[in-house]
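A.B. asks: JSON, C-alpha atoms, file work-v4.json:
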[["chain", "number", "residue", "atom", "x", "y", "z"],
["A", 1, "MET", "CA", 340.56, -45.12, -43.77],
["A", 2, "LEU", "CA", 341.70, -42.39, -41.40],
["A", 3, "ALA", "CA", 345.09, -44.06, -40.94],
["A", 4, "LEU", "CA", 345.55, -44.38, -44.70],
["A", 5, "ALA", "CA", 344.65, -40.74, -45.26],
["A", 6, "VAL", "CA", 347.08, -39.54, -42.60],
["A", 7, "ASP", "CA", 349.82, -41.79, -43.99],
["A", 8, "TYR", "CA", 349.25, -40.40, -47.48],
["A", 9, "LEU", "CA", 349.31, -36.85, -46.13],
["A", 10, "LEU", "CA", 352.63, -37.44, -44.37],
["A", 11, "GLY", "CA", 354.07, -38.85, -47.58],
["A", 12, "LEU", "CA", 353.16, -35.67, -49.45],
["A", 13, "VAL", "CA", 354.69, -33.50, -46.72],
["A", 14, "GLU", "CA", 357.86, -35.59, -46.83],
["A", 15, "GLU", "CA", 358.16, -34.92, -50.58],
["A", 16, "LEU", "CA", 357.83, -31.18, -50.05],
["A", 17, "VAL", "CA", 360.51, -30.95, -47.35],
["A", 18, "THR", "CA", 363.03, -33.08, -49.26],
["A", 19, "PRO", "CA", 365.75, -30.77, -50.72],
["A", 20, "MET", "CA", 365.14, -30.25, -54.42],
["A", 21, "ALA", "CA", 368.80, -30.79, -55.28],
["A", 22, "THR", "CA", 368.65, -34.40, -54.11],
["A", 23, "LEU", "CA", 365.72, -35.13, -56.43],
["A", 24, "ILE", "CA", 367.08, -33.73, -59.69],
["A", 25, "THR", "CA", 367.95, -36.20, -62.46],
["A", 26, "PRO", "CA", 368.23, -35.75, -66.23],
["A", 27, "GLU", "CA", 364.59, -36.85, -66.59],
["A", 28, "HIS", "CA", 363.40, -35.33, -63.31],
["A", 29, "THR", "CA", 364.20, -31.67, -63.91],
["A", 30, "ARG", "CA", 363.68, -28.71, -61.60],
["A", 31, "ALA", "CA", 360.59, -27.68, -63.60],
["A", 32, "VAL", "CA", 359.04, -31.13, -63.22],
["A", 33, "ILE", "CA", 359.74, -31.13, -59.48],
["A", 34, "ARG", "CA", 358.12, -27.67, -59.08],
["A", 35, "LYS", "CA", 355.03, -28.92, -60.92],
["A", 36, "GLU", "CA", 354.85, -32.02, -58.70],
["A", 37, "ARG", "CA", 355.18, -29.90, -55.57],
["A", 38, "ARG", "CA", 352.37, -27.57, -56.63],
["A", 39, "LEU", "CA", 350.17, -30.64, -57.10],
["A", 40, "ALA", "CA", 351.31, -32.02, -53.72],
["A", 41, "LYS", "CA", 350.39, -28.75, -51.97],
["A", 42, "TRP", "CA", 346.95, -28.85, -53.58],
["A", 43, "LEU", "CA", 346.45, -32.48, -52.50],
["A", 44, "ILE", "CA", 347.58, -31.69, -48.95],
["A", 45, "GLY", "CA", 344.95, -28.98, -48.74],
["A", 46, "LEU", "CA", 342.26, -31.26, -50.14],
["A", 47, "VAL", "CA", 343.09, -34.23, -47.89],
["A", 48, "THR", "CA", 343.33, -31.98, -44.83],
["A", 49, "ALA", "CA", 339.93, -30.46, -45.61],
["A", 50, "LEU", "CA", 338.37, -33.91, -46.01],
["A", 51, "LEU", "CA", 339.90, -35.06, -42.72],
["A", 52, "ILE", "CA", 338.53, -32.02, -40.93],
["A", 53, "ILE", "CA", 335.06, -32.55, -42.42],
["A", 54, "GLY", "CA", 335.08, -36.29, -41.60],
["A", 55, "THR", "CA", 336.31, -35.77, -38.07],
["A", 56, "GLY", "CA", 333.87, -32.93, -37.51],
["A", 57, "THR", "CA", 330.96, -35.04, -38.74],
["A", 58, "THR", "CA", 331.90, -37.88, -36.38],
["A", 59, "VAL", "CA", 332.31, -35.52, -33.44],
["A", 60, "TRP", "CA", 328.97, -33.86, -34.19],
["A", 61, "ARG", "CA", 327.20, -37.20, -34.51],
["A", 62, "ASN", "CA", 328.64, -38.38, -31.21],
["A", 63, "TYR", "CA", 327.72, -35.08, -29.60],
["A", 64, "ALA", "CA", 324.18, -35.26, -30.95],
["A", 65, "GLU", "CA", 323.75, -38.76, -29.58],
["A", 66, "THR", "CA", 324.97, -37.74, -26.14],
["A", 67, "GLN", "CA", 322.49, -34.86, -26.21],
["A", 68, "SER", "CA", 319.49, -37.11, -26.95],
["A", 69, "ASP", "CA", 316.91, -37.47, -24.20],
["A", 70, "ILE", "CA", 315.91, -41.03, -25.03],
["A", 71, "THR", "CA", 317.38, -43.87, -27.10],
["A", 72, "VAL", "CA", 315.07, -46.37, -28.78],
["A", 73, "GLY", "CA", 316.48, -49.73, -29.83],
["A", 74, "SER", "CA", 315.29, -52.85, -31.58],
["A", 75, "LYS", "CA", 316.16, -56.48, -32.17],
["A", 76, "ASP", "CA", 317.38, -57.63, -35.57],
["A", 77, "PHE", "CA", 314.23, -58.40, -37.53],
["A", 78, "THR", "CA", 311.82, -56.33, -39.59],
["A", 79, "GLU", "CA", 308.91, -56.08, -37.16],
["A", 80, "GLY", "CA", 311.18, -55.00, -34.31],
["A", 81, "VAL", "CA", 312.83, -52.33, -36.47],
["A", 82, "ILE", "CA", 309.46, -50.99, -37.69],
["A", 83, "MET", "CA", 308.13, -50.84, -34.14],
["A", 84, "ALA", "CA", 311.25, -49.00, -32.97],
["A", 85, "HIS", "CA", 310.74, -46.32, -35.62],
["A", 86, "LEU", "CA", 307.03, -46.07, -34.82],
["A", 87, "MET", "CA", 307.78, -45.58, -31.12],
["A", 88, "ALA", "CA", 310.47, -43.02, -31.92],
["A", 89, "ASP", "CA", 308.14, -41.16, -34.30],
["A", 90, "MET", "CA", 305.41, -41.01, -31.66],
["A", 91, "ILE", "CA", 307.81, -39.73, -29.01],
["A", 92, "GLU", "CA", 309.10, -37.02, -31.33],
["A", 93, "ASP", "CA", 305.59, -36.06, -32.43],
["A", 94, "ARG", "CA", 303.99, -35.92, -28.99],
["A", 95, "THR", "CA", 306.86, -34.71, -26.79],
["A", 96, "ASP", "CA", 309.84, -32.37, -26.89],
["A", 97, "LEU", "CA", 312.26, -35.23, -26.30],
["A", 98, "ARG", "CA", 315.19, -35.76, -28.65],
["A", 99, "VAL", "CA", 315.33, -39.37, -29.83],
["A", 100, "THR", "CA", 318.26, -41.50, -30.94],
["A", 101, "ARG", "CA", 317.51, -44.75, -32.77],
["A", 102, "HIS", "CA", 319.68, -47.86, -32.42],
["A", 103, "THR", "CA", 318.03, -50.59, -34.49],
["A", 104, "ASN", "CA", 319.16, -54.11, -35.47],
["A", 105, "LEU", "CA", 321.07, -54.60, -32.23],
["A", 106, "GLY", "CA", 320.83, -58.40, -32.32],
["A", 107, "GLY", "CA", 318.75, -61.04, -30.59],
["A", 108, "THR", "CA", 316.82, -60.90, -27.34],
["A", 109, "GLN", "CA", 319.79, -61.14, -24.99],
["A", 110, "VAL", "CA", 321.72, -58.41, -26.83],
["A", 111, "ALA", "CA", 318.80, -55.98, -26.77],
["A", 112, "TYR", "CA", 317.95, -56.73, -23.15],
["A", 113, "GLU", "CA", 321.57, -56.28, -22.07],
["A", 114, "ALA", "CA", 321.65, -52.92, -23.84],
["A", 115, "LEU", "CA", 318.53, -51.93, -21.91],
["A", 116, "LYS", "CA", 319.99, -53.05, -18.57],
["A", 117, "THR", "CA", 323.28, -51.23, -19.08],
["A", 118, "GLY", "CA", 321.72, -48.00, -20.34],
["A", 119, "GLY", "CA", 322.79, -48.37, -23.96],
["A", 120, "ILE", "CA", 319.13, -47.92, -24.89],
["A", 121, "ASP", "CA", 316.13, -46.73, -22.91],
["A", 122, "LEU", "CA", 313.34, -48.55, -24.70],
["A", 123, "TYR", "CA", 312.74, -51.47, -27.05],
["A", 124, "MET", "CA", 309.84, -53.73, -27.97],
["A", 125, "ASP", "CA", 309.80, -57.38, -26.97],
["A", 126, "TYR", "CA", 307.20, -60.09, -26.59],
["A", 127, "THR", "CA", 305.70, -61.16, -23.28],
["A", 128, "GLY", "CA", 306.41, -64.84, -23.91],
["A", 129, "THR", "CA", 310.01, -64.07, -24.86],
["A", 130, "VAL", "CA", 310.50, -61.94, -21.76],
["A", 131, "TYR", "CA", 308.98, -64.59, -19.51],
["A", 132, "VAL", "CA", 310.85, -67.60, -20.92],
["A", 133, "SER", "CA", 314.07, -66.31, -22.51],
["A", 134, "ILE", "CA", 314.89, -63.42, -20.17],
["A", 135, "LEU", "CA", 313.33, -64.38, -16.85],
["A", 136, "ARG", "CA", 313.95, -68.11, -17.40],
["A", 137, "HIS", "CA", 310.53, -69.38, -16.33],
["A", 138, "GLU", "CA", 308.67, -72.43, -17.54],
["A", 139, "PRO", "CA", 306.17, -71.57, -20.31],
["A", 140, "LEU", "CA", 302.61, -70.62, -19.41],
["A", 141, "THR", "CA", 299.56, -70.59, -21.69],
["A", 142, "ASP", "CA", 297.76, -67.76, -19.83],
["A", 143, "VAL", "CA", 299.03, -64.68, -21.71],
["A", 144, "ASP", "CA", 297.65, -62.18, -19.19],
["A", 145, "GLU", "CA", 299.34, -64.00, -16.31],
["A", 146, "VAL", "CA", 302.60, -64.09, -18.28],
["A", 147, "TYR", "CA", 302.40, -60.33, -18.72],
["A", 148, "ARG", "CA", 301.61, -59.64, -15.06],
["A", 149, "ARG", "CA", 304.40, -61.84, -13.74],
["A", 150, "SER", "CA", 306.93, -60.44, -16.22],
["A", 151, "ARG", "CA", 305.94, -56.86, -15.43],
["A", 152, "ASP", "CA", 306.18, -57.38, -11.66],
["A", 153, "GLU", "CA", 309.51, -59.22, -11.80],
["A", 154, "LEU", "CA", 311.13, -56.69, -14.12],
["A", 155, "ALA", "CA", 309.97, -53.90, -11.79],
["A", 156, "THR", "CA", 312.13, -55.40, -9.02],
["A", 157, "MET", "CA", 315.12, -54.92, -11.34],
["A", 158, "GLY", "CA", 314.28, -51.30, -12.03],
["A", 159, "ILE", "CA", 312.85, -52.00, -15.48],
["A", 160, "MET", "CA", 309.34, -50.85, -16.38],
["A", 161, "MET", "CA", 307.26, -53.07, -18.67],
["A", 162, "LEU", "CA", 304.73, -50.85, -20.43],
["A", 163, "PRO", "CA", 301.13, -51.90, -21.20],
["A", 164, "GLN", "CA", 300.79, -54.44, -23.99],
["A", 165, "TYR", "CA", 300.20, -53.49, -27.61],
["A", 166, "SER", "CA", 296.93, -54.67, -29.12],
["A", 167, "PHE", "CA", 298.53, -57.04, -31.62],
["A", 168, "ASP", "CA", 299.74, -60.59, -31.25],
["A", 169, "ASN", "CA", 302.71, -62.23, -32.91],
["A", 170, "THR", "CA", 303.19, -65.90, -32.17],
["A", 171, "TYR", "CA", 305.35, -68.68, -33.52],
["A", 172, "ALA", "CA", 304.11, -71.00, -36.25],
["A", 173, "LEU", "CA", 305.63, -73.68, -38.47],
["A", 174, "ALA", "CA", 305.83, -72.99, -42.20],
["A", 175, "VAL", "CA", 306.42, -75.29, -45.17],
["A", 176, "ARG", "CA", 306.46, -74.80, -48.92],
["A", 177, "GLN", "CA", 303.19, -75.35, -50.80],
["A", 178, "ASP", "CA", 304.56, -78.36, -52.66],
["A", 179, "THR", "CA", 305.69, -79.93, -49.37],
["A", 180, "ALA", "CA", 302.23, -79.44, -47.89],
["A", 181, "GLU", "CA", 300.67, -81.05, -50.96],
["A", 182, "ARG", "CA", 303.15, -83.95, -51.09],
["A", 183, "TYR", "CA", 302.60, -84.94, -47.46],
["A", 184, "ARG", "CA", 298.99, -83.70, -47.30],
["A", 185, "LEU", "CA", 299.76, -81.41, -44.40],
["A", 186, "GLN", "CA", 296.74, -79.77, -42.83],
["A", 187, "THR", "CA", 297.08, -80.51, -39.12],
["A", 188, "MET", "CA", 299.83, -81.10, -36.59],
["A", 189, "SER", "CA", 298.97, -84.81, -36.72],
["A", 190, "ASP", "CA", 299.80, -84.81, -40.42],
["A", 191, "LEU", "CA", 303.14, -83.15, -39.68],
["A", 192, "ILE", "CA", 303.95, -85.72, -36.98],
["A", 193, "ALA", "CA", 303.64, -88.49, -39.56],
["A", 194, "ALA", "CA", 305.78, -86.64, -42.11],
["A", 195, "ALA", "CA", 308.43, -85.35, -39.67],
["A", 196, "PRO", "CA", 310.91, -88.28, -40.15],
["A", 197, "HIS", "CA", 311.21, -87.24, -43.82],
["A", 198, "LEU", "CA", 311.69, -83.53, -43.16],
["A", 199, "VAL", "CA", 314.56, -81.31, -42.02],
["A", 200, "VAL", "CA", 313.49, -78.45, -39.78],
["A", 201, "GLY", "CA", 315.41, -75.17, -39.86],
["A", 202, "SER", "CA", 314.73, -72.88, -36.93],
["A", 203, "THR", "CA", 316.12, -69.67, -35.52],
["A", 204, "PHE", "CA", 318.65, -70.12, -32.75],
["A", 205, "GLU", "CA", 316.25, -68.69, -30.18],
["A", 206, "PHE", "CA", 313.39, -71.01, -31.20],
["A", 207, "THR", "CA", 315.81, -73.95, -31.19],
["A", 208, "ASN", "CA", 316.69, -73.33, -27.54],
["A", 209, "ARG", "CA", 313.45, -72.05, -26.02],
["A", 210, "LYS", "CA", 311.48, -74.45, -23.89],
["A", 211, "ASP", "CA", 308.29, -73.23, -25.54],
["A", 212, "GLY", "CA", 309.99, -73.45, -28.93],
["A", 213, "LEU", "CA", 311.26, -76.48, -30.81],
["A", 214, "PRO", "CA", 312.15, -78.60, -27.73],
["A", 215, "GLY", "CA", 308.70, -78.16, -26.23],
["A", 216, "LEU", "CA", 306.97, -78.67, -29.57],
["A", 217, "THR", "CA", 308.74, -81.92, -30.42],
["A", 218, "ALA", "CA", 308.34, -83.26, -26.89],
["A", 219, "TYR", "CA", 304.64, -82.40, -26.66],
["A", 220, "TYR", "CA", 303.68, -83.82, -30.06],
["A", 221, "GLY", "CA", 306.29, -86.56, -30.21],
["A", 222, "MET", "CA", 307.76, -85.23, -33.46],
["A", 223, "ASN", "CA", 310.98, -86.76, -34.72],
["A", 224, "PHE", "CA", 312.36, -84.69, -37.57],
["A", 225, "ALA", "CA", 315.06, -86.14, -39.84],
["A", 226, "ASP", "CA", 317.41, -83.36, -38.75],
["A", 227, "THR", "CA", 317.47, -79.92, -37.18],
["A", 228, "THR", "CA", 319.44, -76.96, -38.50],
["A", 229, "GLY", "CA", 319.94, -73.69, -36.64],
["A", 230, "LEU", "CA", 319.45, -70.69, -38.93],
["A", 231, "ASP", "CA", 319.69, -66.94, -38.75],
["A", 232, "GLY", "CA", 316.22, -65.39, -38.83],
["A", 233, "SER", "CA", 316.81, -63.50, -42.08],
["A", 234, "SER", "CA", 317.96, -66.60, -44.01],
["A", 235, "ARG", "CA", 315.44, -69.22, -43.00],
["A", 236, "TYR", "CA", 312.98, -68.47, -45.81],
["A", 237, "ILE", "CA", 315.79, -68.65, -48.37],
["A", 238, "ALA", "CA", 316.77, -72.04, -46.98],
["A", 239, "LEU", "CA", 313.13, -73.12, -47.23],
["A", 240, "LEU", "CA", 312.78, -71.94, -50.84],
["A", 241, "ASN", "CA", 316.03, -73.71, -51.78],
["A", 242, "ASP", "CA", 314.76, -76.91, -50.12],
["A", 243, "ASP", "CA", 317.77, -76.98, -47.80],
["A", 244, "VAL", "CA", 315.15, -77.40, -45.08],
["A", 245, "GLN", "CA", 311.49, -78.32, -45.41],
["A", 246, "VAL", "CA", 310.08, -76.77, -42.24],
["A", 247, "VAL", "CA", 310.90, -73.44, -40.57],
["A", 248, "ASP", "CA", 309.66, -71.53, -37.58],
["A", 249, "ALA", "CA", 307.78, -68.41, -38.66],
["A", 250, "TYR", "CA", 306.18, -65.44, -36.99],
["A", 251, "THR", "CA", 302.46, -65.20, -37.68],
["A", 252, "THR", "CA", 302.95, -61.54, -38.71],
["A", 253, "ASP", "CA", 305.78, -62.29, -41.18],
["A", 254, "GLY", "CA", 305.11, -60.57, -44.48],
["A", 255, "LEU", "CA", 307.17, -63.27, -46.21],
["A", 256, "VAL", "CA", 304.58, -65.89, -45.29],
["A", 257, "ARG", "CA", 302.09, -64.19, -47.60],
["A", 258, "LYS", "CA", 304.72, -63.29, -50.21],
["A", 259, "PHE", "CA", 305.86, -66.88, -50.63],
["A", 260, "ASN", "CA", 302.36, -68.33, -50.13]]
Let me see whether you can do it: turn the structure in this file into C-alpha cells.
C.D. replies:
Amino acid sequence: MLALAVDYLLGLVEELVTPMATLITPEHTRAVIRKERRLAKWLIGLVTALLIIGTGTTVWRNYAETQSDITVGSKDFTEGVIMAHLMADMIEDRTDLRVTRHTNLGGTQVAYEALKTGGIDLYMDYTGTVYVSILRHEPLTDVDEVYRRSRDELATMGIMMLPQYSFDNTYALAVRQDTAERYRLQTMSDLIAAAPHLVVGSTFEFTNRKDGLPGLTAYYGMNFADTTGLDGSSRYIALLNDDVQVVDAYTTDGLVRKFN
C-alpha cells in the first residue's frame, strides 16, 4: 500500500511539472489543465498527509512496543489467548510494568522459540506439553513429577517455570452424538471395536506426540480406518461435516458443550 501511494503521488507531481504547452489540445484547453492541476495539488496534500499519519502511527507503535517492560505471548488457540490477556491484565493491574501482548503466535515450538529468543517474556503452556514436546522425554503419569522435572530442566536453560495454575486441561477424544449412538460408544473398549470404521482427525501436535495418538493407539490396540492431520481451529468443523468421525479435544473446550 505504501509503494502504491508513493507511486501515485509521484504521478501527480509529474503532471504538475510537465509544461502546460505540451498538454494543450483542442479538447484539453488551458482552463481544463488549470482545473486538473488544482485538483492534483489538493490530492498531493491529502496523500502526503495520509502517508505522514500512517508512517507516524507505525513508528509510534514500534516505539511503544520497544518501551514495554514485559511482553506476554500465547499459542494459537482460544484458551491460550484468554490466559495471555488474563496474565497481562493482572500484571498491569498489580504492577507499574508496561505490557505488550503478542497472541496467536502459533503452536508449541513457535511460542517456545519466541520465549527462548526474547521475542516474548511469558506465555502459558501445559506441563505435559513442556515435558514431552519441548524437553523430549517419555510420557509420565505422575503430574507433580512432570512439573518438577520440567521446572528444574528449564531452569538450567535460564527459563523459569512458574507455579502451576489450579486448573487442568487434558486431551480427550470426541465424536458426534449420532456416531456415539450408532456404535454404542461409552468406553474405550467400545471405541476399539468401532475404530476400523472411523476416520480420526487430530491436531498435528497430538498426531506426533508420544502421549498423543501414537501412544493411544499403541496402548489400546486401536486401528482407525484412516488418520487426518488437522489444524486445531478446523477439527470441529471437520467432525460436524462428517469428514472425520473422531477428533482430539481439550477437556476445557467450549465447543464440546456447544456441539454436545
A.B. asks: Could you check which of A:Tyr112, A:Tyr165, A:Tyr171, A:Tyr126 is closest to A:Thr252, using all atoms listed in the file?
C.D. replies: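 Using all atoms listed in the file, the shortest distance to A:Thr252 belongs to A:Tyr171.
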A.B. asks: Between A:Gly119, A:Gly80, A:Gly107, A:Gly212, single out the one closest to A:Leu173, counting all atoms listed in the file.
C.D. replies: A:Gly212
A.B. asks: Would you work out the distance separating atom CA of A:Ala225 from atom CA of A:Val175, expressed in Å to one decimal?
C.D. replies: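 If I compute the distance from atom CA of A:Ala225 to atom CA of A:Val175, I get 14.9 Å.
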A.B. asks: When you look at A:Ile82 with a cut-off of 12 Å (counting all atoms listed in the file), what residues show up, excluding the ones that are within fewer than 3 positions of it in the same chain? I need them as a list in words.
C.D. replies: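 In the requested form, the answer reads Val72, Gly73, Ser74, Lys75, Asp76, Phe77, Thr78, Glu79, His85, Leu86, Met87, Ala88, Asp89, Arg101, His102, Thr103, Asn104, Tyr123 and Met124 of chain A.
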A.B. asks: Name the residues in contact with stretch 130-135 of chain A at a cut-off of 8 Å, using only C-alpha atoms, excluding same-chain residues fewer than 4 positions from it; report them as a list in words.
C.D. replies: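 What passes the distance filter is Thr108, Gln109, Tyr112, Asp125, Tyr126, Pro139, Val146, Tyr147, Arg149, Ser150, Arg209, Lys210 and Asp211 of chain A.
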A.B. asks: Mind giving me the straight-line distance from atom CA of A:Thr127 to atom CA of A:Gln164 in Å, one decimal?
C.D. replies: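 Taking atom CA of A:Thr127 and atom CA of A:Gln164, their separation equals 8.4 Å.
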A.B. asks: Give me, as a ChimeraX atom specification, all polymer residues having an atom no more than 6 Å from A:Val247, counting only C-alpha atoms and skipping those fewer than 5 positions away in the same chain.
C.D. replies: /A:173-174,200-202
A.B. asks: List the neighbours of stretch 239-244 of chain A out to 12 Å using all atoms listed in the file; skip same-chain residues closer than 5 positions along the sequence, and give me the result as a CSV table (one decimal) with C-alpha atoms, keeping the file's coordinate frame.
C.D. replies:
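Listed below is the output, selection13.csv:
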chain,number,residue,atom,x,y,z
A,173,LEU,CA,305.6,-73.7,-38.5
A,174,ALA,CA,305.8,-73.0,-42.2
A,175,VAL,CA,306.4,-75.3,-45.2
A,176,ARG,CA,306.5,-74.8,-48.9
A,177,GLN,CA,303.2,-75.4,-50.8
A,178,ASP,CA,304.6,-78.4,-52.7
A,179,THR,CA,305.7,-79.9,-49.4
A,195,ALA,CA,308.4,-85.4,-39.7
A,197,HIS,CA,311.2,-87.2,-43.8
A,198,LEU,CA,311.7,-83.5,-43.2
A,199,VAL,CA,314.6,-81.3,-42.0
A,200,VAL,CA,313.5,-78.4,-39.8
A,201,GLY,CA,315.4,-75.2,-39.9
A,202,SER,CA,314.7,-72.9,-36.9
A,224,PHE,CA,312.4,-84.7,-37.6
A,225,ALA,CA,315.1,-86.1,-39.8
A,226,ASP,CA,317.4,-83.4,-38.8
A,227,THR,CA,317.5,-79.9,-37.2
A,228,THR,CA,319.4,-77.0,-38.5
A,229,GLY,CA,319.9,-73.7,-36.6
A,230,LEU,CA,319.4,-70.7,-38.9
A,232,GLY,CA,316.2,-65.4,-38.8
A,233,SER,CA,316.8,-63.5,-42.1
A,234,SER,CA,318.0,-66.6,-44.0
A,249,ALA,CA,307.8,-68.4,-38.7
A,255,LEU,CA,307.2,-63.3,-46.2
A,256,VAL,CA,304.6,-65.9,-45.3
A,258,LYS,CA,304.7,-63.3,-50.2
A,259,PHE,CA,305.9,-66.9,-50.6
A,260,ASN,CA,302.4,-68.3,-50.1
A.B. asks: From the options A:Thr251, A:Thr129, A:Thr217, A:Ser166, which residue's atoms come nearest to A:Ser189, counting all atoms listed in the file?
C.D. replies: A:Thr217
A.B. asks: Rounded to one decimal, what separation in Å do you get between atom CA of A:Ala111 and atom CA of A:Asp93?
C.D. replies: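 Between atom CA of A:Ala111 and atom CA of A:Asp93 the gap works out to 24.6 Å.
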A.B. asks: Counting all atoms listed in the file, which of A:Asp231, A:Asp168, A:Glu181, A:Asp121 gets nearest to A:Tyr250?
C.D. replies: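 Looking only at the distances to A:Tyr250, the closest residue turns out to be A:Asp168.
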A.B. asks: Write out N, CA, C and O atoms for stretch 188-204 of chain A, as a JSON list (two decimals), keeping the file's coordinate frame.
C.D. replies:
[["chain", "number", "residue", "atom", "x", "y", "z"],
["A", 188, "MET", "N", 298.60, -80.70, -37.26],
["A", 188, "MET", "CA", 299.83, -81.10, -36.59],
["A", 188, "MET", "C", 300.00, -82.63, -36.64],
["A", 188, "MET", "O", 301.11, -83.14, -36.73],
["A", 189, "SER", "N", 298.89, -83.35, -36.63],
["A", 189, "SER", "CA", 298.97, -84.81, -36.72],
["A", 189, "SER", "C", 299.58, -85.23, -38.06],
["A", 189, "SER", "O", 300.36, -86.19, -38.12],
["A", 190, "ASP", "N", 299.22, -84.52, -39.11],
["A", 190, "ASP", "CA", 299.80, -84.81, -40.42],
["A", 190, "ASP", "C", 301.31, -84.55, -40.41],
["A", 190, "ASP", "O", 302.08, -85.33, -40.99],
["A", 191, "LEU", "N", 301.72, -83.48, -39.74],
["A", 191, "LEU", "CA", 303.14, -83.15, -39.68],
["A", 191, "LEU", "C", 303.92, -84.16, -38.85],
["A", 191, "LEU", "O", 305.07, -84.48, -39.16],
["A", 192, "ILE", "N", 303.30, -84.69, -37.81],
["A", 192, "ILE", "CA", 303.95, -85.72, -36.98],
["A", 192, "ILE", "C", 304.32, -86.93, -37.84],
["A", 192, "ILE", "O", 305.43, -87.47, -37.75],
["A", 193, "ALA", "N", 303.39, -87.33, -38.71],
["A", 193, "ALA", "CA", 303.64, -88.49, -39.56],
["A", 193, "ALA", "C", 304.73, -88.22, -40.59],
["A", 193, "ALA", "O", 305.51, -89.12, -40.94],
["A", 194, "ALA", "N", 304.82, -86.98, -41.07],
["A", 194, "ALA", "CA", 305.78, -86.64, -42.11],
["A", 194, "ALA", "C", 307.14, -86.24, -41.56],
["A", 194, "ALA", "O", 308.13, -86.23, -42.30],
["A", 195, "ALA", "N", 307.21, -85.90, -40.28],
["A", 195, "ALA", "CA", 308.43, -85.35, -39.67],
["A", 195, "ALA", "C", 309.69, -86.15, -39.94],
["A", 195, "ALA", "O", 310.75, -85.58, -40.22],
["A", 196, "PRO", "N", 309.68, -87.52, -39.90],
["A", 196, "PRO", "CA", 310.91, -88.28, -40.15],
["A", 196, "PRO", "C", 311.51, -88.06, -41.54],
["A", 196, "PRO", "O", 312.68, -88.38, -41.77],
["A", 197, "HIS", "N", 310.73, -87.49, -42.46],
["A", 197, "HIS", "CA", 311.21, -87.24, -43.82],
["A", 197, "HIS", "C", 311.61, -85.78, -44.03],
["A", 197, "HIS", "O", 312.02, -85.42, -45.15],
["A", 198, "LEU", "N", 311.51, -84.97, -43.00],
["A", 198, "LEU", "CA", 311.69, -83.53, -43.16],
["A", 198, "LEU", "C", 312.82, -83.01, -42.27],
["A", 198, "LEU", "O", 313.00, -83.47, -41.15],
["A", 199, "VAL", "N", 313.54, -82.02, -42.80],
["A", 199, "VAL", "CA", 314.56, -81.31, -42.02],
["A", 199, "VAL", "C", 313.95, -79.99, -41.58],
["A", 199, "VAL", "O", 313.40, -79.24, -42.40],
["A", 200, "VAL", "N", 314.03, -79.70, -40.30],
["A", 200, "VAL", "CA", 313.49, -78.45, -39.78],
["A", 200, "VAL", "C", 314.64, -77.46, -39.58],
["A", 200, "VAL", "O", 315.69, -77.80, -39.02],
["A", 201, "GLY", "N", 314.45, -76.25, -40.07],
["A", 201, "GLY", "CA", 315.41, -75.17, -39.86],
["A", 201, "GLY", "C", 314.76, -74.12, -38.98],
["A", 201, "GLY", "O", 313.71, -73.58, -39.32],
["A", 202, "SER", "N", 315.36, -73.82, -37.85],
["A", 202, "SER", "CA", 314.73, -72.88, -36.93],
["A", 202, "SER", "C", 315.75, -71.85, -36.45],
["A", 202, "SER", "O", 316.95, -72.10, -36.44],
["A", 203, "THR", "N", 315.25, -70.70, -36.07],
["A", 203, "THR", "CA", 316.12, -69.67, -35.52],
["A", 203, "THR", "C", 316.77, -70.18, -34.24],
["A", 203, "THR", "O", 316.23, -71.07, -33.57],
["A", 204, "PHE", "N", 317.91, -69.62, -33.91],
["A", 204, "PHE", "CA", 318.65, -70.12, -32.75],
["A", 204, "PHE", "C", 317.83, -69.97, -31.47],
["A", 204, "PHE", "O", 317.87, -70.83, -30.59]]
